[in-house]
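K.L.:
Structure file coords36.txt (compact mmCIF, C-alpha atoms) is given on the next line.
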```txt
# COMPACT_ATOMS: atom_id res chain seq x y z
CA MET L 1 -29.64 8.13 5.71
CA ARG L 2 -32.34 9.34 3.30
CA ASN L 3 -33.73 11.78 5.89
CA ARG L 4 -30.25 13.11 6.57
CA PHE L 5 -29.67 13.64 2.84
CA LEU L 6 -32.97 15.50 2.41
CA PHE L 7 -32.20 17.65 5.42
CA PHE L 8 -28.83 18.74 4.11
CA THR L 9 -30.21 19.26 0.60
CA ALA L 10 -32.78 21.68 2.00
CA LEU L 11 -30.16 23.32 4.17
CA ILE L 12 -27.96 24.07 1.14
CA GLY L 13 -30.71 26.08 -0.52
CA VAL L 14 -30.99 28.63 2.30
CA MET L 15 -27.40 28.98 3.60
CA LEU L 16 -25.58 31.97 2.16
CA PHE L 17 -22.13 33.25 2.96
CA VAL L 18 -21.33 30.68 5.68
CA ALA L 19 -17.67 29.71 6.01
CA CYS L 20 -16.17 26.20 5.78
CA ASP L 21 -14.60 24.49 8.77
CA GLU L 22 -11.07 23.81 7.61
CA LYS L 23 -9.10 20.66 8.29
CA GLU L 24 -5.46 21.08 9.28
CA SER L 25 -4.46 21.25 5.61
CA ASP L 26 -5.08 24.53 3.77
CA LEU L 27 -6.31 22.69 0.66
CA GLY L 28 -9.76 23.84 -0.37
CA VAL L 29 -9.57 27.21 1.38
CA ASN L 30 -10.77 29.02 -1.74
CA LEU L 31 -13.37 26.43 -2.68
CA GLN L 32 -16.75 28.03 -3.25
CA ASP L 33 -19.78 27.96 -5.44
CA PRO L 34 -20.15 31.04 -7.65
CA ALA L 35 -23.10 32.17 -5.53
CA THR L 36 -22.85 30.36 -2.20
CA LEU L 37 -20.39 29.30 0.49
CA TYR L 38 -21.44 26.09 2.22
CA ASN L 39 -21.17 25.28 5.91
CA GLY L 40 -19.11 22.11 6.07
CA ILE L 41 -15.66 20.60 5.97
CA CYS L 42 -13.37 21.23 3.01
CA ASP L 43 -11.31 18.31 1.72
CA THR L 44 -9.36 17.28 -1.39
CA ALA L 45 -9.35 13.96 -3.22
CA TYR L 46 -6.33 12.72 -5.15
CA GLY L 47 -6.41 9.77 -7.52
CA THR L 48 -4.83 8.17 -10.56
CA ALA L 49 -5.13 9.12 -14.22
CA TYR L 50 -3.98 8.03 -17.63
CA THR L 51 -4.36 8.95 -21.31
CA VAL L 52 -6.47 6.63 -23.49
CA TYR L 53 -7.26 6.47 -27.20
CA ASP L 54 -10.70 7.43 -28.51
CA ASP L 55 -11.32 4.44 -30.80
CA SER L 56 -15.09 4.66 -31.31
CA LEU L 57 -15.98 8.25 -32.17
CA LEU L 58 -19.23 8.50 -34.16
CA THR L 59 -18.89 11.17 -36.88
CA SER L 60 -21.97 10.77 -39.11
CA GLY L 61 -24.80 13.29 -39.08
CA GLN L 62 -22.94 16.15 -37.36
CA ALA L 63 -23.94 19.78 -37.99
CA SER L 64 -20.29 20.86 -38.18
CA VAL L 65 -17.42 18.95 -39.79
CA LEU L 66 -13.66 19.33 -40.02
CA ILE L 67 -11.63 19.42 -43.23
CA GLY L 68 -7.87 19.75 -43.34
CA CYS L 69 -4.81 18.83 -41.33
CA TYR L 70 -2.55 20.15 -38.60
CA SER L 71 0.92 19.35 -37.36
CA ASP L 72 2.13 19.67 -33.78
CA ASN L 73 5.56 18.72 -32.44
CA LEU L 74 3.96 17.40 -29.27
CA PHE L 75 0.94 15.57 -30.72
CA GLY L 76 2.08 14.73 -34.27
CA THR L 77 -0.10 15.13 -37.37
CA SER L 78 -3.83 14.72 -37.91
CA GLU L 79 -6.06 14.95 -40.99
CA ALA L 80 -9.82 15.32 -41.37
CA VAL L 81 -11.55 14.22 -44.59
CA PHE L 82 -15.21 14.92 -45.38
CA PHE L 83 -17.45 12.38 -47.18
CA SER L 84 -20.92 13.42 -48.26
CA LYS L 85 -23.76 12.43 -50.52
CA ILE L 86 -25.08 15.05 -52.98
CA THR L 87 -28.81 14.90 -53.41
CA THR L 88 -31.64 16.84 -55.02
CA ALA L 89 -33.71 19.46 -53.27
CA ASN L 90 -36.74 17.15 -53.16
CA ASP L 91 -37.72 13.56 -53.97
CA GLY L 92 -39.08 14.62 -57.36
CA GLY L 93 -35.64 14.58 -58.94
CA VAL L 94 -34.24 17.12 -61.35
CA GLU L 95 -34.01 17.69 -65.11
CA PHE L 96 -31.77 19.80 -67.33
CA ASP L 97 -33.23 19.24 -70.81
CA GLN L 98 -32.07 20.46 -74.21
CA ASN L 99 -33.44 23.92 -73.43
CA SER L 100 -31.21 24.25 -70.35
CA ILE L 101 -27.75 25.69 -70.90
CA ILE L 102 -25.61 25.19 -67.80
CA ASP L 103 -23.11 27.97 -67.16
CA SER L 104 -21.49 26.58 -64.01
CA ALA L 105 -21.91 24.62 -60.80
CA VAL L 106 -20.42 26.13 -57.65
CA LEU L 107 -19.91 24.45 -54.29
CA THR L 108 -20.01 26.92 -51.39
CA MET L 109 -19.25 26.10 -47.75
CA THR L 110 -19.59 28.30 -44.70
CA VAL L 111 -16.43 28.23 -42.56
CA SER L 112 -17.11 28.91 -38.88
CA SER L 113 -13.50 28.69 -37.70
CA ILE L 114 -9.97 28.06 -38.91
CA PHE L 115 -6.99 26.50 -37.12
CA PRO L 116 -4.43 27.93 -36.76
CA GLU L 117 -6.07 31.33 -36.92
CA ILE L 118 -5.64 33.46 -40.03
CA ASN L 119 -2.31 35.28 -40.15
CA SER L 120 -1.61 39.00 -40.30
CA LYS L 121 -2.50 39.07 -44.00
CA SER L 122 -6.14 38.50 -42.97
CA TYR L 123 -6.57 35.63 -45.40
CA ARG L 124 -5.52 32.03 -46.00
CA ASP L 125 -5.04 30.20 -49.27
CA LEU L 126 -6.70 26.78 -49.09
CA HIS L 127 -6.02 23.98 -51.56
CA PHE L 128 -9.25 22.00 -51.82
CA GLU L 129 -9.63 18.68 -53.62
CA VAL L 130 -13.04 17.20 -54.49
CA TYR L 131 -13.38 13.68 -55.94
CA GLN L 132 -16.43 11.64 -56.82
CA LEU L 133 -17.17 8.63 -54.61
CA SER L 134 -17.44 5.18 -56.14
CA GLU L 135 -19.79 4.10 -53.33
CA PRO L 136 -22.57 6.20 -51.79
CA VAL L 137 -22.79 7.35 -48.20
CA LEU L 138 -25.69 5.25 -46.89
CA ARG L 139 -28.59 6.90 -45.12
CA ASP L 140 -29.18 4.06 -42.67
CA SER L 141 -25.55 3.47 -41.63
CA ALA L 142 -23.51 4.86 -38.74
CA TYR L 143 -20.00 6.01 -39.63
CA TYR L 144 -17.07 6.39 -37.26
CA ALA L 145 -13.79 8.31 -37.31
CA PHE L 146 -11.94 5.36 -38.86
CA ASP L 147 -14.40 4.81 -41.75
CA GLU L 148 -13.75 5.83 -45.35
CA LEU L 149 -15.17 5.26 -48.83
CA PRO L 150 -13.31 4.73 -52.13
CA VAL L 151 -13.26 7.37 -54.85
CA THR L 152 -13.24 7.27 -58.65
CA SER L 153 -10.69 8.99 -60.86
CA VAL L 154 -13.22 11.77 -61.56
CA CYS L 155 -12.04 15.05 -60.04
CA PHE L 156 -14.65 17.78 -59.58
CA PHE L 157 -12.24 20.37 -58.17
CA ASP L 158 -8.52 20.68 -57.44
CA ASP L 159 -7.36 24.24 -56.90
CA VAL L 160 -6.52 26.95 -54.38
CA VAL L 161 -9.21 29.25 -53.03
CA ARG L 162 -8.67 32.29 -50.83
CA LEU L 163 -10.47 32.56 -47.51
CA ALA L 164 -10.61 36.11 -46.14
CA GLN L 165 -11.10 36.91 -42.48
CA SER L 166 -14.65 38.16 -41.90
CA ASP L 167 -17.73 37.58 -39.78
CA SER L 168 -19.15 35.29 -42.46
CA MET L 169 -16.42 33.24 -44.11
CA VAL L 170 -17.47 31.31 -47.23
CA VAL L 171 -15.30 29.38 -49.68
CA SER L 172 -16.45 28.85 -53.27
CA MET L 173 -15.35 26.08 -55.62
CA ARG L 174 -16.38 25.99 -59.27
CA MET L 175 -16.99 22.37 -60.22
CA SER L 176 -15.26 20.92 -63.29
CA ASP L 177 -16.86 20.06 -66.62
CA ALA L 178 -17.05 16.46 -65.40
CA PHE L 179 -19.76 17.50 -62.94
CA VAL L 180 -21.59 19.71 -65.45
CA ASN L 181 -21.63 16.86 -68.00
CA MET L 182 -23.43 14.65 -65.48
CA LEU L 183 -26.26 17.21 -65.47
CA SER L 184 -26.50 18.50 -69.04
CA ASN L 185 -29.31 16.87 -71.08
CA HIS L 186 -30.11 14.52 -68.22
CA ARG L 187 -33.31 13.80 -66.42
CA TYR L 188 -33.29 12.19 -62.99
CA GLU L 189 -36.81 11.14 -62.10
CA SER L 190 -36.15 10.96 -58.36
CA SER L 191 -33.53 11.82 -55.77
CA THR L 192 -32.68 8.12 -55.59
CA ALA L 193 -32.00 7.99 -59.34
CA PHE L 194 -29.70 11.00 -59.06
CA GLU L 195 -27.85 9.58 -56.03
CA GLU L 196 -27.24 6.28 -57.80
CA VAL L 197 -25.33 8.12 -60.53
CA MET L 198 -23.66 10.88 -58.47
CA LYS L 199 -22.78 8.69 -55.43
CA GLY L 200 -21.26 11.60 -53.51
CA VAL L 201 -17.96 13.40 -52.93
CA ARG L 202 -14.81 13.25 -50.84
CA ILE L 203 -13.53 16.69 -49.87
CA ARG L 204 -10.10 17.25 -48.38
CA LEU L 205 -7.53 20.01 -47.98
CA VAL L 206 -4.17 19.33 -49.59
CA ASN L 207 -1.18 20.16 -47.38
CA ASP L 208 0.97 22.47 -49.52
CA GLY L 209 3.45 23.00 -46.69
CA THR L 210 1.26 24.99 -44.33
CA PRO L 211 -1.16 22.65 -42.53
CA VAL L 212 -4.56 24.16 -41.87
CA MET L 213 -7.90 22.93 -40.57
CA VAL L 214 -11.33 24.48 -41.19
CA THR L 215 -14.64 23.87 -39.47
CA VAL L 216 -17.53 23.84 -41.94
CA ASN L 217 -21.05 24.70 -40.81
CA LEU L 218 -23.34 22.31 -42.67
CA ALA L 219 -26.44 23.93 -41.18
CA ALA L 220 -25.64 27.31 -42.77
CA VAL L 221 -27.77 28.47 -45.68
CA ALA L 222 -24.68 29.18 -47.79
CA THR L 223 -23.47 25.57 -47.59
CA LYS L 224 -24.84 24.15 -50.86
CA LEU L 225 -24.01 23.26 -54.47
CA THR L 226 -25.64 25.71 -56.86
CA THR L 227 -26.10 25.16 -60.59
CA TYR L 228 -26.37 28.30 -62.68
CA TYR L 229 -28.09 27.88 -66.06
CA LYS L 230 -30.13 29.60 -68.74
CA TYR L 231 -33.48 28.26 -69.85
CA VAL L 232 -34.39 29.09 -73.46
CA ASN L 233 -38.10 29.04 -74.24
CA SER L 234 -39.74 30.47 -77.38
CA GLY L 235 -36.83 32.79 -77.94
CA ASP L 236 -36.75 34.04 -74.35
CA THR L 237 -33.70 33.34 -72.19
CA ILE L 238 -34.35 33.07 -68.46
CA ALA L 239 -31.52 32.89 -65.91
CA ARG L 240 -32.15 30.20 -63.31
CA THR L 241 -30.42 28.43 -60.45
CA TYR L 242 -30.87 25.04 -58.83
CA ASP L 243 -29.48 24.16 -55.40
CA PHE L 244 -28.33 20.61 -54.75
CA VAL L 245 -28.11 19.49 -51.13
CA ILE L 246 -24.70 18.96 -49.59
CA SER L 247 -25.48 19.98 -46.04
CA GLN L 248 -26.64 18.57 -42.74
CA ALA L 249 -29.65 17.06 -44.52
CA ALA L 250 -27.45 14.91 -46.77
CA PRO L 251 -25.86 11.72 -45.35
CA HIS L 252 -22.25 12.51 -44.46
CA PHE L 253 -19.38 11.73 -42.10
CA ASN L 254 -15.83 12.67 -41.15
CA GLN L 255 -12.79 10.44 -41.40
CA PHE L 256 -9.94 11.27 -39.01
CA LYS L 257 -6.37 10.08 -39.48
CA ASN L 258 -3.85 10.49 -36.64
CA ASN L 259 -0.11 9.90 -36.73
CA TYR L 260 1.15 10.66 -33.24
CA ALA L 261 4.62 11.78 -32.16
CA GLY L 262 6.64 11.39 -28.97
CA VAL L 263 5.05 9.51 -26.08
CA LEU L 264 1.72 9.42 -27.94
CA SER L 265 3.26 7.38 -30.78
CA ALA L 266 2.38 4.23 -28.81
CA PHE L 267 -1.18 4.69 -30.11
CA ASN L 268 0.00 4.40 -33.72
CA SER L 269 0.41 0.65 -33.30
CA ASN L 270 -1.80 -0.14 -30.31
CA VAL L 271 -4.98 1.87 -29.77
CA SER L 272 -5.88 -0.21 -26.72
CA ASP L 273 -2.75 1.02 -24.93
CA SER L 274 -2.84 3.66 -22.18
CA LEU L 275 -0.23 6.17 -21.03
CA ASP L 276 0.69 6.81 -17.42
CA GLY L 277 -0.65 10.16 -16.28
CA SER L 278 1.62 10.93 -13.36
CA ARG L 279 3.14 13.97 -15.08
CA TYR L 280 1.11 14.82 -18.19
CA LEU L 281 -2.34 13.96 -19.57
CA TYR L 282 -3.25 14.56 -23.22
CA LEU L 283 -6.57 15.67 -24.71
CA SER L 284 -6.86 15.78 -28.49
CA PRO L 285 -9.84 15.84 -30.89
CA MET L 286 -10.73 13.89 -34.05
CA GLY L 287 -10.81 10.37 -32.62
CA GLY L 288 -7.70 11.27 -30.67
CA THR L 289 -6.95 10.98 -26.96
CA ASN L 290 -9.08 11.22 -23.83
CA ILE L 291 -8.29 11.18 -20.11
CA LYS L 292 -9.56 8.64 -17.59
CA VAL L 293 -9.34 9.56 -13.90
CA ASN L 294 -10.06 7.33 -10.92
CA PHE L 295 -10.42 8.19 -7.23
CA ASN L 296 -11.37 4.70 -6.02
CA SER L 297 -8.77 4.41 -3.23
CA PHE L 298 -9.75 7.78 -1.79
CA VAL L 299 -13.47 7.02 -2.09
CA GLN L 300 -13.18 3.69 -0.30
CA GLN L 301 -11.12 5.15 2.55
CA PHE L 302 -13.35 8.21 2.90
CA ARG L 303 -16.47 6.03 2.87
CA GLN L 304 -15.14 3.95 5.76
CA GLN L 305 -14.24 7.01 7.80
CA HIS L 306 -17.36 9.04 6.95
CA PRO L 307 -20.19 6.60 6.11
CA TYR L 308 -22.89 9.28 6.51
CA ALA L 309 -21.13 12.13 4.72
CA VAL L 310 -23.16 14.38 2.45
CA ILE L 311 -21.33 16.12 -0.39
CA HIS L 312 -22.52 19.72 -0.63
CA TYR L 313 -20.17 20.84 -3.37
CA ALA L 314 -17.41 19.27 -5.47
CA GLU L 315 -15.32 20.48 -8.35
CA LEU L 316 -12.78 18.62 -10.47
CA LEU L 317 -9.79 20.83 -11.18
CA LEU L 318 -7.72 20.20 -14.31
CA PRO L 319 -4.61 22.43 -14.27
CA VAL L 320 -3.21 23.13 -17.72
CA ALA L 321 0.36 21.84 -18.12
CA ASP L 322 3.35 24.01 -18.91
CA ILE L 323 3.84 22.29 -22.28
CA ALA L 324 0.25 22.86 -23.47
CA PRO L 325 -0.35 24.81 -26.73
CA ASP L 326 -1.34 28.46 -26.35
CA SER L 327 -4.79 27.94 -27.88
CA LYS L 328 -7.22 26.33 -25.46
CA PRO L 329 -10.23 24.09 -26.29
CA ASP L 330 -13.55 25.58 -25.27
CA LEU L 331 -15.06 22.88 -23.04
CA ILE L 332 -14.18 19.57 -21.38
CA ALA L 333 -17.02 17.09 -20.83
CA ALA L 334 -17.15 14.34 -18.20
CA PHE L 335 -18.64 10.84 -18.49
CA LYS L 336 -19.22 8.20 -15.83
CA CYS L 337 -17.60 4.81 -16.56
CA TYR L 338 -19.26 1.41 -16.01
CA ASN L 339 -17.91 -2.11 -15.57
CA ASP L 340 -18.89 -3.17 -19.09
CA GLY L 341 -16.96 -0.29 -20.69
CA ALA L 342 -20.04 1.84 -21.34
CA VAL L 343 -20.10 5.53 -20.41
CA SER L 344 -22.83 8.09 -19.77
CA SER L 345 -22.81 11.83 -19.13
CA ILE L 346 -22.54 12.74 -15.46
CA PRO L 347 -25.81 14.17 -14.07
CA ASP L 348 -24.26 17.58 -13.34
CA MET L 349 -23.97 18.27 -17.08
CA PHE L 350 -27.66 17.88 -17.90
CA ASP L 351 -29.59 18.48 -14.69
CA ALA L 352 -31.87 21.46 -15.38
CA PHE L 353 -31.00 23.07 -12.04
CA THR L 354 -27.22 22.51 -12.02
CA ALA L 355 -26.11 22.33 -15.66
CA SER L 356 -25.26 26.04 -15.80
CA GLY L 357 -22.88 25.54 -12.88
CA TYR L 358 -21.08 22.59 -14.47
CA ASP L 359 -18.76 25.06 -16.21
CA GLY L 360 -16.05 22.89 -17.83
CA HIS L 361 -14.39 25.94 -19.40
CA TYR L 362 -10.81 27.16 -19.16
CA SER L 363 -10.03 29.97 -16.71
CA ASP L 364 -7.17 32.35 -17.51
CA GLU L 365 -7.02 33.43 -13.89
CA SER L 366 -6.39 29.94 -12.47
CA ASN L 367 -4.90 28.40 -15.64
CA CYS L 368 -7.13 25.36 -15.28
CA TYR L 369 -10.43 23.82 -16.30
CA ARG L 370 -13.10 23.60 -13.58
CA LEU L 371 -15.81 20.93 -13.69
CA ARG L 372 -18.57 21.09 -11.09
CA ILE L 373 -19.32 17.41 -10.31
CA THR L 374 -21.29 17.55 -7.04
CA GLN L 375 -24.00 15.02 -7.96
CA HIS L 376 -21.51 12.72 -9.66
CA PHE L 377 -19.18 12.71 -6.66
CA GLN L 378 -22.07 12.23 -4.22
CA LYS L 379 -23.28 9.16 -6.11
CA THR L 380 -19.73 7.80 -6.20
CA MET L 381 -19.38 8.28 -2.45
CA LYS L 382 -22.75 6.66 -1.84
CA SER L 383 -21.75 3.56 -3.80
CA GLY L 384 -18.35 3.44 -2.09
CA MET L 385 -16.62 2.70 -5.38
CA ASP L 386 -15.28 4.74 -8.27
CA LEU L 387 -15.14 3.00 -11.66
CA GLY L 388 -13.60 6.05 -13.28
CA THR L 389 -14.54 9.26 -15.06
CA LEU L 390 -13.77 9.82 -18.75
CA LEU L 391 -12.81 13.35 -19.80
CA VAL L 392 -13.17 14.38 -23.44
CA LEU L 393 -13.05 17.55 -25.51
CA ASN L 394 -16.63 18.59 -26.09
CA GLY L 395 -15.79 19.92 -29.57
CA ARG L 396 -13.68 16.94 -30.62
CA ARG L 397 -15.68 16.58 -33.88
CA SER L 398 -15.72 20.26 -34.80
CA SER L 399 -12.49 21.83 -33.54
CA ALA L 400 -8.81 20.96 -33.93
CA MET L 401 -7.78 22.55 -30.62
CA HIS L 402 -5.98 20.26 -28.16
CA THR L 403 -4.31 20.60 -24.79
CA VAL L 404 -2.20 18.97 -22.06
CA ILE L 405 -3.34 18.68 -18.43
CA ASN L 406 -1.17 18.24 -15.36
CA GLY L 407 -0.94 14.65 -14.14
CA CYS L 408 -2.02 13.14 -10.83
CA ASP L 409 1.36 13.16 -9.02
CA ALA L 410 1.76 16.27 -6.84
CA ALA L 411 5.54 15.86 -6.71
CA LEU L 412 5.82 15.90 -10.52
CA THR L 413 3.38 18.78 -11.05
CA ALA L 414 4.83 21.33 -8.61
CA GLY L 415 2.02 20.64 -6.15
CA ASN L 416 -0.70 21.31 -8.70
CA PRO L 417 -2.06 17.92 -9.80
CA ILE L 418 -5.48 16.98 -11.11
CA ARG L 419 -7.79 16.70 -8.07
CA ILE L 420 -11.29 17.05 -6.61
CA GLN L 421 -11.91 19.74 -4.01
CA PHE L 422 -15.15 19.30 -2.12
CA VAL L 423 -17.23 20.35 0.89
CA TYR L 424 -19.07 17.80 3.02
CA SER L 425 -20.84 17.43 6.35
CA GLU L 426 -22.05 14.47 8.38
```
In structure tokens, what does this structure look like?
P.N.:
Amino acid sequence: MRNRFLFFTALIGVMLFVACDEKESDLGVNLQDPATLYNGICDTAYGTAYTVYDDSLLTSGQASVLIGCYSDNLFGTSEAVFFSKITTANDGGVEFDQNSIIDSAVLTMTVSSIFPEINSKSYRDLHFEVYQLSEPVLRDSAYYAFDELPVTSVCFFDDVVRLAQSDSMVVSMRMSDAFVNMLSNHRYESSTAFEEVMKGVRIRLVNDGTPVMVTVNLAAVATKLTTYYKYVNSGDTIARTYDFVISQAAPHFNQFKNNYAGVLSAFNSNVSDSLDGSRYLYLSPMGGTNIKVNFNSFVQQFRQQHPYAVIHYAELLLPVADIAPDSKPDLIAAFKCYNDGAVSSIPDMFDAFTASGYDGHYSDESNCYRLRITQHFQKTMKSGMDLGTLLVLNGRRSSAMHTVINGCDAALTAGNPIRIQFVYSE
């Protein structure tokens, strides 16, 4: 078997523009690699699928975070809240003595995207709210989508700011006197001493009737909290600034709150539930919903009939449903499932030679997502058992976009269900 596999692997590398031998069915006629047509038999695998809840999404330490909320008649409402520690630029602490006159402290955040997109006015008014935490975000702790921290009654900002459409979108929030008073005539000998007093902040967007969600780039240079002050020395007045860290380097996490509507409302009371995927399958971000597909029955039958089959090419097709929102998520990722509930990325996503062919993006032409899963499907066929594949939105921590995929029943999806098309030989 090993020699046969090596032979066919070598054969794949040199065969160009060789047609498939079709079975009686016309399924798979258009199946091809972007650069190569393989000599083999085209076939299609059908399976089962269902929608599951994403109940263990890690959100701490991400380079991009979500702030805001959105409302969708199909999915319901979701909110993203940002918790972050504020720390000094170095471990040496910071001091604003009696010679330092603080003019203002301004929090700036770089916005990389906004959902829904900015309207025809080319700007959006965003109502930000910033409160001090009563407990710090811990450096050595992992935080998940369901975590949160309590806040004090101290409000650092509560107002509307205008975000204009541009290549570099930045929002600015002038902190209240409550923040300035924590700095004036104070000396913090170390970053730890400052953090013990400041604790951190909770930042959210207030829904004033028009839900909106922004993605903040914490790695951007403009994401910081700048203190503007004058230093008076021997009659001279020198304008200075000091940048506090509220960026990727500061401990932080996102909290996601989902209140689902329609068929998805079952997850509001039971996150361990699953929804039948015969007609529709739902993918949503922010600790939302994933899809689990299984082709075990097909794999077992195919394995019995073709014990020496070699999979030359396989792609998982995810047709977008007719009820899906117009905006499409960028990429769908695939994970192999294990008996103990663990998952790991399929090899096609990270193999140095095949990762570029994995694709996973939406195609306007075919109105579907295409995932190249050749290695994953070959390993499944070799084992003779499929424990399932988990499909998730790759940007589920940094984008609010969501979608609906056709289910697994051909009769309910106008002959266009979720499926695997593949080429094999034996």
K.L.:
What is the distance, in Å and to one decimal place, between atom CA of L:Ser327 and atom CA of L:Ser363?
P.N.:
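Computed distance, atom CA of L:Ser327 to atom CA of L:Ser363, equals 12.5 Å.
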K.L.:
Counting all atoms listed in the file, which of L:Asp322, L:Asp364, L:Asp276, L:Asp330 gets nearest to L:Thr48?
P.N.:
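For L:Thr48, the nearest of the candidates is L:Asp276.
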K.L.:
For a quick check of understanding, using all atoms listed in the file, which of L:Val299, L:Met385, L:Leu183, L:Leu74 has the smallest distance to L:Ala261?
P.N.:
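Looking only at the distances to L:Ala261, the closest residue turns out to be L:Leu74.
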K.L.:
Within 10 Å of stretch 342-345 of chain L, counting only C-alpha atoms, which residues show up once you throw out same-chain ones fewer than 6 positions away? Write them as a PyMOL selection string, please.
P.N.:
chain L and resi 333-336+376+388-390
K.L.:
Check the smallest atom-to-atom distance from each of L:Ser71, L:Gln132, L:Thr108, L:Gln304 to L:Met173 using all atoms listed in the file, then report the winner.
P.N.:
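When distances to L:Met173 are compared using all atoms listed in the file, the smallest one comes from L:Thr108.
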